[in-house]
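Shown below: final03.txt, with compact mmCIF, C-alpha atoms and all ligand atoms.
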# COMPACT_ATOMS: atom_id res chain seq x y z
CA MET Y 1 58.54 -21.84 254.52
CA GLU Y 2 58.63 -21.35 250.76
CA ASN Y 3 60.30 -24.12 248.78
CA LYS Y 4 61.93 -24.22 245.35
CA ASN Y 5 62.77 -27.07 243.04
CA PHE Y 6 66.36 -28.19 243.27
CA ALA Y 7 68.03 -27.82 239.85
CA LYS Y 8 66.16 -29.77 237.15
CA SER Y 9 64.54 -32.09 239.69
CA SER Y 10 61.08 -32.01 241.21
CA GLU Y 11 62.59 -32.19 244.72
CA LYS Y 12 61.70 -29.20 246.83
CA ILE Y 13 64.22 -27.47 249.05
CA SER Y 14 63.55 -24.70 251.56
CA ARG Y 15 64.50 -21.14 250.63
CA LEU Y 16 66.25 -20.87 253.97
CA GLY Y 17 68.93 -23.52 254.40
CA PHE Y 18 71.10 -24.26 257.42
CA GLY Y 19 74.78 -23.29 257.17
CA SER Y 20 76.62 -25.66 259.49
CA TRP Y 21 80.26 -24.60 259.42
CA GLY Y 22 79.92 -22.91 262.84
CA ILE Y 23 78.39 -25.92 264.60
CA GLY Y 24 81.28 -28.03 263.33
CA LYS Y 25 83.51 -25.82 265.48
CA THR Y 26 86.41 -25.61 262.99
CA PHE Y 27 87.78 -22.06 263.27
CA TRP Y 28 84.53 -20.86 264.89
CA ILE Y 29 84.68 -20.73 268.69
CA GLY Y 30 81.51 -20.83 270.75
CA ALA Y 31 79.10 -23.49 269.54
CA GLU Y 32 77.82 -26.03 272.05
CA ASP Y 33 76.60 -29.36 270.78
CA ASN Y 34 73.40 -29.39 272.87
CA GLU Y 35 72.40 -25.99 271.57
CA SER Y 36 73.49 -26.86 268.01
CA LYS Y 37 71.23 -29.91 268.04
CA LYS Y 38 68.33 -27.87 269.42
CA ALA Y 39 68.87 -25.38 266.61
CA LEU Y 40 68.85 -28.17 264.02
CA HIS Y 41 65.63 -29.62 265.46
CA LYS Y 42 64.01 -26.18 265.54
CA ALA Y 43 65.01 -25.64 261.91
CA ILE Y 44 63.29 -28.87 260.87
CA GLU Y 45 60.20 -28.00 262.93
CA LEU Y 46 59.99 -24.62 261.14
CA GLY Y 47 60.20 -26.12 257.66
CA ILE Y 48 63.91 -26.07 256.80
CA ASN Y 49 64.93 -29.22 254.93
CA PHE Y 50 68.23 -28.09 253.35
CA PHE Y 51 71.36 -28.63 255.45
CA ASP Y 52 74.76 -27.63 254.12
CA SER Y 53 77.78 -29.37 255.56
CA ALA Y 54 81.32 -30.44 254.64
CA LEU Y 55 83.69 -33.18 255.67
CA VAL Y 56 86.10 -30.63 257.11
CA TYR Y 57 83.60 -28.89 259.38
CA GLY Y 58 85.00 -30.22 262.64
CA ASN Y 59 86.46 -33.20 260.78
CA GLY Y 60 82.99 -34.68 260.39
CA HIS Y 61 81.49 -33.19 263.57
CA SER Y 62 78.91 -31.05 261.80
CA GLU Y 63 77.88 -34.03 259.64
CA LYS Y 64 77.52 -36.22 262.73
CA LEU Y 65 75.23 -33.71 264.45
CA ILE Y 66 73.07 -33.36 261.33
CA GLY Y 67 72.93 -37.15 260.88
CA GLU Y 68 71.86 -37.66 264.51
CA VAL Y 69 69.17 -35.00 264.30
CA GLU Y 70 67.85 -36.40 261.02
CA LYS Y 71 67.37 -39.82 262.65
CA GLU Y 72 65.82 -38.30 265.81
CA SER Y 73 63.39 -36.20 263.76
CA GLY Y 74 62.21 -39.09 261.59
CA LYS Y 75 62.17 -36.66 258.65
CA GLU Y 76 64.04 -37.08 255.38
CA LEU Y 77 66.31 -34.09 254.90
CA PHE Y 78 68.21 -32.76 251.90
CA ILE Y 79 71.81 -33.00 253.10
CA THR Y 80 74.90 -31.74 251.33
CA SER Y 81 78.59 -32.24 251.95
CA LYS Y 82 81.85 -31.20 250.33
CA ILE Y 83 85.02 -32.97 249.32
CA PRO Y 84 88.18 -31.22 250.50
CA SER Y 85 90.97 -30.96 247.96
CA LYS Y 86 93.67 -33.56 248.65
CA LYS Y 87 96.06 -30.64 249.14
CA PHE Y 88 93.71 -29.10 251.73
CA GLU Y 89 93.72 -25.78 249.93
CA TRP Y 90 91.19 -22.96 250.21
CA PRO Y 91 90.92 -21.69 247.50
CA ALA Y 92 92.45 -24.08 244.99
CA ASN Y 93 95.90 -22.79 244.13
CA ASP Y 94 96.14 -21.80 240.49
CA LYS Y 95 99.16 -24.09 240.08
CA SER Y 96 97.53 -27.18 241.62
CA THR Y 97 96.59 -29.90 239.18
CA LEU Y 98 93.49 -32.10 239.16
CA GLU Y 99 95.72 -35.01 240.26
CA ASP Y 100 96.96 -32.95 243.23
CA SER Y 101 93.48 -31.91 244.24
CA PHE Y 102 90.73 -34.32 243.25
CA PRO Y 103 92.06 -37.72 242.16
CA GLU Y 104 89.36 -40.40 242.04
CA LYS Y 105 90.45 -41.86 245.37
CA GLN Y 106 90.02 -38.52 247.15
CA ILE Y 107 86.51 -38.09 245.76
CA LEU Y 108 85.38 -41.63 246.60
CA GLN Y 109 87.02 -41.87 250.03
CA SER Y 110 85.79 -38.47 251.19
CA THR Y 111 82.27 -39.38 250.14
CA GLU Y 112 82.43 -42.66 252.07
CA ARG Y 113 83.64 -40.82 255.18
CA SER Y 114 80.82 -38.29 254.92
CA LEU Y 115 78.28 -41.08 254.56
CA ARG Y 116 79.64 -42.79 257.68
CA ASN Y 117 79.50 -39.51 259.62
CA LEU Y 118 75.92 -38.94 258.54
CA ASN Y 119 74.94 -42.58 259.05
CA ARG Y 120 73.39 -42.62 255.60
CA ASP Y 121 73.63 -44.58 252.34
CA TYR Y 122 73.56 -41.54 250.08
CA LEU Y 123 74.15 -37.83 249.97
CA ASP Y 124 71.57 -35.60 248.37
CA LEU Y 125 74.29 -33.29 247.13
CA GLN Y 126 78.05 -33.74 247.07
CA GLN Y 127 80.26 -30.76 246.12
CA PHE Y 128 83.87 -30.02 245.33
CA HIS Y 129 84.89 -27.76 248.22
CA VAL Y 130 87.15 -25.75 245.88
CA TRP Y 131 87.49 -25.73 242.13
CA ASN Y 132 89.59 -24.49 239.23
CA ASP Y 133 88.01 -24.40 235.78
CA LYS Y 134 91.41 -25.26 234.32
CA TRP Y 135 90.35 -28.85 235.13
CA ALA Y 136 86.94 -28.55 233.45
CA ASP Y 137 87.77 -30.52 230.31
CA ARG Y 138 89.39 -33.47 232.07
CA ASP Y 139 87.45 -36.74 231.88
CA GLU Y 140 88.65 -38.18 235.19
CA TRP Y 141 86.45 -36.07 237.51
CA LYS Y 142 83.45 -36.52 235.23
CA GLU Y 143 83.81 -40.31 235.29
CA THR Y 144 84.03 -40.32 239.09
CA VAL Y 145 80.96 -38.09 239.44
CA LEU Y 146 79.03 -40.41 237.11
CA LYS Y 147 80.20 -43.43 239.11
CA LEU Y 148 79.01 -41.91 242.41
CA LYS Y 149 75.63 -41.16 240.87
CA LYS Y 150 75.36 -44.61 239.24
CA ASP Y 151 76.26 -46.34 242.53
CA GLY Y 152 73.52 -44.37 244.29
CA LYS Y 153 75.96 -42.72 246.72
CA VAL Y 154 75.23 -39.22 245.49
CA LYS Y 155 72.02 -37.88 243.97
CA TYR Y 156 73.32 -34.53 242.76
CA PHE Y 157 76.72 -32.99 242.27
CA GLY Y 158 77.85 -29.41 242.62
CA ILE Y 159 80.76 -27.03 243.00
CA SER Y 160 81.40 -24.75 245.93
CA ILE Y 161 83.06 -21.92 244.08
CA ASN Y 162 86.30 -20.39 245.40
CA ASP Y 163 85.84 -17.20 247.45
CA HIS Y 164 85.11 -14.17 245.25
CA GLN Y 165 85.66 -16.02 241.95
CA ALA Y 166 82.01 -16.28 240.91
CA GLU Y 167 82.68 -17.43 237.36
CA ASN Y 168 85.26 -20.11 238.14
CA GLY Y 169 83.01 -23.12 237.59
CA ILE Y 170 80.93 -22.21 234.56
CA LYS Y 171 83.16 -24.19 232.21
CA ALA Y 172 82.79 -27.35 234.33
CA ALA Y 173 79.01 -26.95 234.27
CA GLU Y 174 79.02 -26.93 230.49
CA SER Y 175 79.58 -30.71 230.88
CA GLY Y 176 75.96 -30.99 232.10
CA LEU Y 177 77.17 -32.78 235.26
CA ILE Y 178 76.86 -29.89 237.68
CA ASP Y 179 73.48 -29.48 239.40
CA SER Y 180 74.35 -26.58 241.69
CA PHE Y 181 76.84 -23.89 242.59
CA GLN Y 182 77.45 -22.72 246.11
CA VAL Y 183 78.78 -19.19 245.86
CA ILE Y 184 79.41 -16.14 248.02
CA PHE Y 185 76.49 -13.83 247.35
CA ASN Y 186 75.61 -10.89 249.58
CA ILE Y 187 75.14 -7.11 249.47
CA PHE Y 188 78.93 -6.65 249.30
CA ASP Y 189 79.84 -9.40 246.81
CA GLN Y 190 77.28 -9.16 244.02
CA SER Y 191 79.57 -10.56 241.33
CA PRO Y 192 77.42 -13.69 240.66
CA ILE Y 193 74.72 -11.43 239.20
CA ASP Y 194 76.72 -10.66 236.06
CA LYS Y 195 77.37 -14.06 234.47
CA LEU Y 196 76.75 -16.88 236.92
CA PHE Y 197 73.06 -16.19 237.60
CA PRO Y 198 72.01 -15.88 233.93
CA PHE Y 199 73.99 -19.04 233.11
CA CYS Y 200 72.30 -20.96 235.93
CA LEU Y 201 68.80 -19.74 235.05
CA GLU Y 202 69.32 -20.80 231.46
CA ASN Y 203 70.64 -24.23 232.44
CA ASN Y 204 68.44 -24.97 235.46
CA ILE Y 205 71.35 -25.07 237.87
CA SER Y 206 70.62 -24.24 241.50
CA ILE Y 207 72.39 -21.46 243.33
CA ILE Y 208 73.11 -21.91 247.02
CA ALA Y 209 73.95 -18.44 248.36
CA ARG Y 210 76.65 -18.76 251.02
CA VAL Y 211 78.06 -16.20 253.46
CA PRO Y 212 74.95 -14.03 253.03
CA LEU Y 213 75.84 -12.06 256.16
CA ASP Y 214 79.50 -11.49 255.25
CA GLU Y 215 80.60 -13.63 258.21
CA GLY Y 216 78.73 -11.21 260.49
CA GLY Y 217 79.69 -7.96 258.70
CA LEU Y 218 76.17 -7.62 257.30
CA THR Y 219 74.37 -7.93 260.63
CA GLY Y 220 75.05 -4.46 262.04
CA ASN Y 221 76.69 -6.14 265.04
CA ILE Y 222 80.30 -5.45 264.08
CA THR Y 223 81.62 -2.24 265.65
CA ASP Y 224 85.14 -0.93 266.27
CA LYS Y 225 84.93 -2.53 269.70
CA THR Y 226 83.76 -5.99 268.62
CA GLU Y 227 86.00 -8.73 269.93
CA PHE Y 228 85.92 -12.35 268.86
CA PRO Y 229 86.93 -15.20 271.16
CA LYS Y 230 90.62 -16.08 271.20
CA GLY Y 231 91.32 -18.56 268.42
CA ASP Y 232 88.22 -17.60 266.40
CA TRP Y 233 89.18 -17.16 262.75
CA ARG Y 234 87.23 -13.93 262.46
CA ASN Y 235 89.99 -12.13 264.37
CA ASN Y 236 91.76 -12.35 261.02
CA TYR Y 237 88.74 -11.69 258.76
CA PHE Y 238 87.99 -8.44 260.61
CA LYS Y 239 91.59 -7.47 261.40
CA GLY Y 240 93.11 -3.97 261.39
CA ASP Y 241 90.74 -1.23 260.29
CA ARG Y 242 88.33 -3.64 258.59
CA LYS Y 243 85.72 -3.42 261.39
CA THR Y 244 85.64 0.37 261.00
CA LYS Y 245 85.28 0.09 257.22
CA VAL Y 246 82.47 -2.46 257.55
CA ARG Y 247 80.70 -0.29 260.13
CA GLU Y 248 80.81 2.73 257.81
CA ARG Y 249 79.40 0.72 254.88
CA VAL Y 250 76.68 -0.83 257.02
CA LYS Y 251 75.57 2.59 258.30
CA LYS Y 252 74.92 3.64 254.69
CA ILE Y 253 72.97 0.45 253.98
CA GLY Y 254 70.90 1.20 257.10
CA SER Y 255 69.93 4.63 255.83
CA ASP Y 256 68.99 3.29 252.37
CA MET Y 257 66.98 0.45 253.91
CA GLY Y 258 64.54 2.88 255.55
CA THR Y 259 61.59 1.16 257.19
CA GLU Y 260 61.34 -1.75 254.73
CA CYS Y 261 63.51 -3.97 256.93
CA GLU Y 262 63.79 -4.12 260.69
CA SER Y 263 67.49 -5.01 260.74
CA ILE Y 264 70.59 -5.16 258.55
CA ALA Y 265 70.53 -8.97 258.79
CA GLU Y 266 66.97 -8.97 257.47
CA CYS Y 267 67.92 -6.68 254.61
CA ALA Y 268 70.95 -8.84 253.76
CA LEU Y 269 69.08 -12.17 253.79
CA ARG Y 270 66.04 -10.91 251.87
CA PHE Y 271 68.37 -9.30 249.31
CA THR Y 272 69.77 -12.73 248.40
CA ILE Y 273 66.39 -14.42 247.88
CA SER Y 274 65.19 -11.49 245.78
CA PHE Y 275 67.12 -12.99 242.85
CA ASP Y 276 65.33 -15.71 240.91
CA ALA Y 277 68.51 -17.67 240.35
CA VAL Y 278 68.95 -18.21 244.11
CA THR Y 279 67.36 -21.47 245.19
CA THR Y 280 68.34 -21.31 248.86
CA VAL Y 281 70.36 -19.10 251.20
CA ILE Y 282 72.40 -20.70 253.98
CA PRO Y 283 73.31 -18.35 256.85
CA GLY Y 284 75.47 -19.88 259.54
CA MET Y 285 73.34 -20.61 262.62
CA ARG Y 286 74.52 -21.93 265.96
CA ASN Y 287 71.50 -21.50 268.20
CA THR Y 288 67.72 -21.67 268.23
CA SER Y 289 67.10 -17.95 268.35
CA ARG Y 290 69.08 -17.36 265.13
CA VAL Y 291 66.99 -20.08 263.47
CA VAL Y 292 63.69 -18.56 264.61
CA ASP Y 293 64.76 -15.05 263.55
CA ASN Y 294 66.00 -16.17 260.14
CA VAL Y 295 62.88 -18.19 259.41
CA ASP Y 296 60.78 -15.09 260.24
CA ILE Y 297 63.01 -13.01 257.95
CA ILE Y 298 62.80 -15.36 254.98
CA ASN Y 299 59.05 -15.74 255.44
CA LYS Y 300 58.75 -11.98 254.77
CA GLY Y 301 59.82 -12.70 251.18
CA VAL Y 302 61.64 -10.65 248.60
CA LEU Y 303 62.51 -6.94 248.83
CA SER Y 304 60.86 -4.22 246.77
CA PRO Y 305 62.46 -3.53 243.36
CA GLY Y 306 63.31 0.00 244.57
CA LEU Y 307 65.30 -1.23 247.56
CA ILE Y 308 67.04 -3.93 245.51
CA GLU Y 309 68.25 -1.22 243.11
CA LYS Y 310 69.51 0.91 245.99
CA LEU Y 311 71.34 -2.04 247.53
CA LYS Y 312 73.09 -2.77 244.25
CA SER Y 313 75.10 0.42 244.81
CA HIS Y 314 76.59 -1.04 248.02
CA LYS Y 315 78.71 -3.67 246.34
CA TRP Y 316 82.25 -3.74 247.59
CA GLU Y 317 85.17 -5.55 246.00
CA ARG Y 318 87.66 -6.89 248.52
CA ASN Y 319 88.92 -10.17 249.94
CA PHE Y 320 88.98 -10.34 253.75
CA TYR Y 321 89.86 -14.06 253.70
CA ARG Y 322 93.46 -13.12 252.98
N1 LIG Y 401 84.01 -22.63 250.84
C1 LIG Y 401 82.81 -22.99 251.20
O1 LIG Y 401 82.23 -23.89 250.64
C2 LIG Y 401 82.12 -22.25 252.33
C3 LIG Y 401 82.77 -21.17 252.96
C4 LIG Y 401 82.08 -20.48 253.95
C5 LIG Y 401 80.80 -20.86 254.30
N2 LIG Y 401 80.18 -21.93 253.69
C6 LIG Y 401 78.81 -22.36 254.07
O2 LIG Y 401 77.99 -21.20 254.14
C7 LIG Y 401 77.40 -21.09 255.43
C8 LIG Y 401 77.21 -19.62 255.79
O3 LIG Y 401 78.43 -18.93 255.90
P1 LIG Y 401 79.05 -18.49 257.29
O4 LIG Y 401 78.38 -19.22 258.38
O5 LIG Y 401 80.52 -18.59 257.18
O6 LIG Y 401 78.74 -16.91 257.33
P2 LIG Y 401 77.42 -16.01 257.37
O7 LIG Y 401 76.23 -16.84 257.23
O8 LIG Y 401 77.64 -14.89 256.43
O9 LIG Y 401 77.53 -15.39 258.83
C9 LIG Y 401 77.43 -16.14 260.00
C10 LIG Y 401 77.34 -15.16 261.16
O10 LIG Y 401 76.07 -14.49 261.07
C11 LIG Y 401 75.45 -14.52 262.33
N3 LIG Y 401 73.99 -14.53 262.15
C12 LIG Y 401 73.21 -15.48 261.58
N4 LIG Y 401 71.92 -15.08 261.55
C13 LIG Y 401 71.88 -13.84 262.13
C14 LIG Y 401 70.85 -12.91 262.41
N5 LIG Y 401 69.58 -13.13 262.09
N6 LIG Y 401 71.18 -11.75 263.03
C15 LIG Y 401 72.47 -11.48 263.38
N7 LIG Y 401 73.49 -12.32 263.14
C16 LIG Y 401 73.20 -13.50 262.52
C17 LIG Y 401 75.96 -15.74 263.03
O11 LIG Y 401 75.77 -15.49 264.39
P3 LIG Y 401 76.40 -16.29 265.63
O12 LIG Y 401 77.82 -15.77 265.74
O13 LIG Y 401 75.53 -15.89 266.75
O14 LIG Y 401 76.37 -17.74 265.28
C18 LIG Y 401 77.41 -15.79 262.55
O15 LIG Y 401 78.23 -14.97 263.35
C19 LIG Y 401 78.39 -21.84 256.33
O16 LIG Y 401 77.83 -22.17 257.58
C20 LIG Y 401 78.72 -23.01 255.45
O17 LIG Y 401 77.67 -23.97 255.47
C21 LIG Y 401 80.83 -22.61 252.70
Written as structure tokens, that's how I'd like the structure from this file.
Amino acid sequence: MENKNFAKSSEKISRLGFGSWGIGKTFWIGAEDNESKKALHKAIELGINFFDSALVYGNGHSEKLIGEVEKESGKELFITSKIPSKKFEWPANDKSTLEDSFPEKQILQSTERSLRNLNRDYLDLQQFHVWNDKWADRDEWKETVLKLKKDGKVKYFGISINDHQAENGIKAAESGLIDSFQVIFNIFDQSPIDKLFPFCLENNISIIARVPLDEGGLTGNITDKTEFPKGDWRNNYFKGDRKTKVRERVKKIGSDMGTECESIAECALRFTISFDAVTTVIPGMRNTSRVVDNVDIINKGVLSPGLIEKLKSHKWERNFYR
């Protein structure tokens, strides 16, 4: 597995990271803890060291599984978490203030809870789970981030950018305190390419590409007849005629892809790592076979410049989270 330096550090993280929302079982129906743990172990065995989590994924459940597997494996992993806004908003409402969302107490207490869940003394990376650059100039969040770093609770700090708002974080990073951005980046949402990627390359800030498979849309597995389990949040994401629209788009990607990729998922994952700014890509994985397949995919490396250009024409502006 290829590695890349994380931000300005000399620490190496794997180009394929483990997205762990699904194994936390919040909104996603279907994961089983035994299988989730096997998948985490398999990931470590195959060279993945980057594990993305959040306090809210199963109210700490995903963190607990990752923490257990880290101890069982005897390996030191690079583990991330996220601080939910005190108002529990996704994305941050434009009217919410810093006091409403990330007062010092919220930042410190959430971090302590994540550390307890992980059974660890420090987090490699802590992130704001939502953000609004209206708060960028305020000193309070900066002081708390510095305190967490000084106390050794957090090595690096980042922002998980609101859905489809790729530039809403750049101002905060001008403080020099932001080591990474986690952002939606896939064949449909290519907006980070315009400003965020050049800014991050220039400032040595890592990009963690999230939702690389458009929650399943970019796998080729969504058809008009696809049904999600009752209670699974994707009944909303792919509601109405959205499955049909996705299917039509994916068919076109398939014909442009030709023989360079064996599947839409391969094309989608390799597209993300074809951009220098992307340090790691974190597809959601809930079982061993997804881990094995995705490691094989990432090990094939970047796409040809010709295919990357073709795929650029498939960008699609929309927000299915609403
Ligand atoms: N606001 C935030 O900070 C935020 C929001 C969303 C996500 N995230 C992070 O980003 C990670 C990735 O996003 P996500 O999990 O929501 O969406 P995603 O990675 O775009 O899609 C996950 C879906 O892709 C499927 N899949 C994975 N590998 C596949 C393959 N090789 N072939 C076919 N299907 C494959 C999974 O299958 P199965 O159904 O079989 O599991 C699952 O249904 C999350 O796990 C989380 O860590 C952060």
Distance of CA of His41 in chain Y from CA of Ser160 in chain Y, expressed in Å to one decimal place: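 These two atoms are separated by 25.6 Å.
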Would you mind listing the residues within 6 Å of ligand LIG 401 (chain Y), counting all atoms listed in the file, as a list in words?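 Using all atoms listed in the file, I find these residues within 6 Å of ligand LIG 401 (chain Y): Gly19, Ser20, Trp21, Gly22, Asp52, Ser53, His129, Ser160, Arg210, Val211, Pro212, Leu213, Asp214, Glu215, Gly216, Thr219, Ala265, Ile282, Pro283, Gly284, Met285, Arg286, Arg290, Asp293 and Asn294 of chain Y.
With distances restricted to only C-alpha atoms, Y:Phe271 is the closest residue to Leu303 in chain Y from Y:Thr280, Y:Asn287, Y:Phe271, Y:Val183.
Nearest-residue note for Lys8 in chain Y: choosing from Y:Trp316, Y:Trp233, Y:Tyr156, Y:Phe88, the minimum distance belongs to Y:Tyr156, counting only C-alpha atoms.
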For range 224-228 of chain Y, I'd like the enclosing box, axis-aligned and padded by 4 Å on every side, reported as lines of an AutoDock Vina configuration file with centre and edge lengths in Å to one decimal.
center_x = 84.9
center_y = -6.6
center_z = 268.1
size_x = 10.2
size_y = 19.4
size_z = 11.7
Tell me which residues come within 12 Å of (75.0, -43.0, 256.4), as a PyMOL selection string, counting all atoms listed in the file in the file's coordinates. chain Y and resi 63-64+66-68+70-71+79+111-124+153-154
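Between Lys312 in chain Y and the residues Y:Ser36, Y:Thr26, Y:Asn186, Y:Asp151, the shortest atom-to-atom distance, using all atoms listed in the file, involves Y:Asn186.
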Within 12 Å of file point (70.7, -20.8, 235.0), counting all atoms listed in the file, expressed as a PyMOL selection string: chain Y and resi 6-8+170+173-174+176+178-181+192-207+275-279
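Closest approach to Trp131 in chain Y from the set Y:Asp241, Y:Glu89, Y:Glu35, Y:Glu262 is made by Y:Glu89, with distances taken over all atoms listed in the file.
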Between CA of Trp28 in chain Y and CA of Ser96 in chain Y, what is the distance in Å, rounded to a tenth?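 According to the coordinates, CA of Trp28 in chain Y and CA of Ser96 in chain Y are separated by 27.4 Å.
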Computed gap from CA of Glu266 in chain Y to CA of Ile297 in chain Y is 5.7 Å
For Ile298 in chain Y, work out the shell of residues within 12 Å, counting all atoms listed in the file and skipping chain neighbours fewer than 4 positions away, then give it as number ranges by chain. Y: 1-3, 14-17, 46-48, 261, 265-274, 280-283, 291-294, 302-303
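The residue that comes closest to Asp33 in chain Y, out of Y:Lys243, Y:His61, Y:Lys12, Y:Lys87 and on the basis of all atoms listed in the file, is Y:His61.
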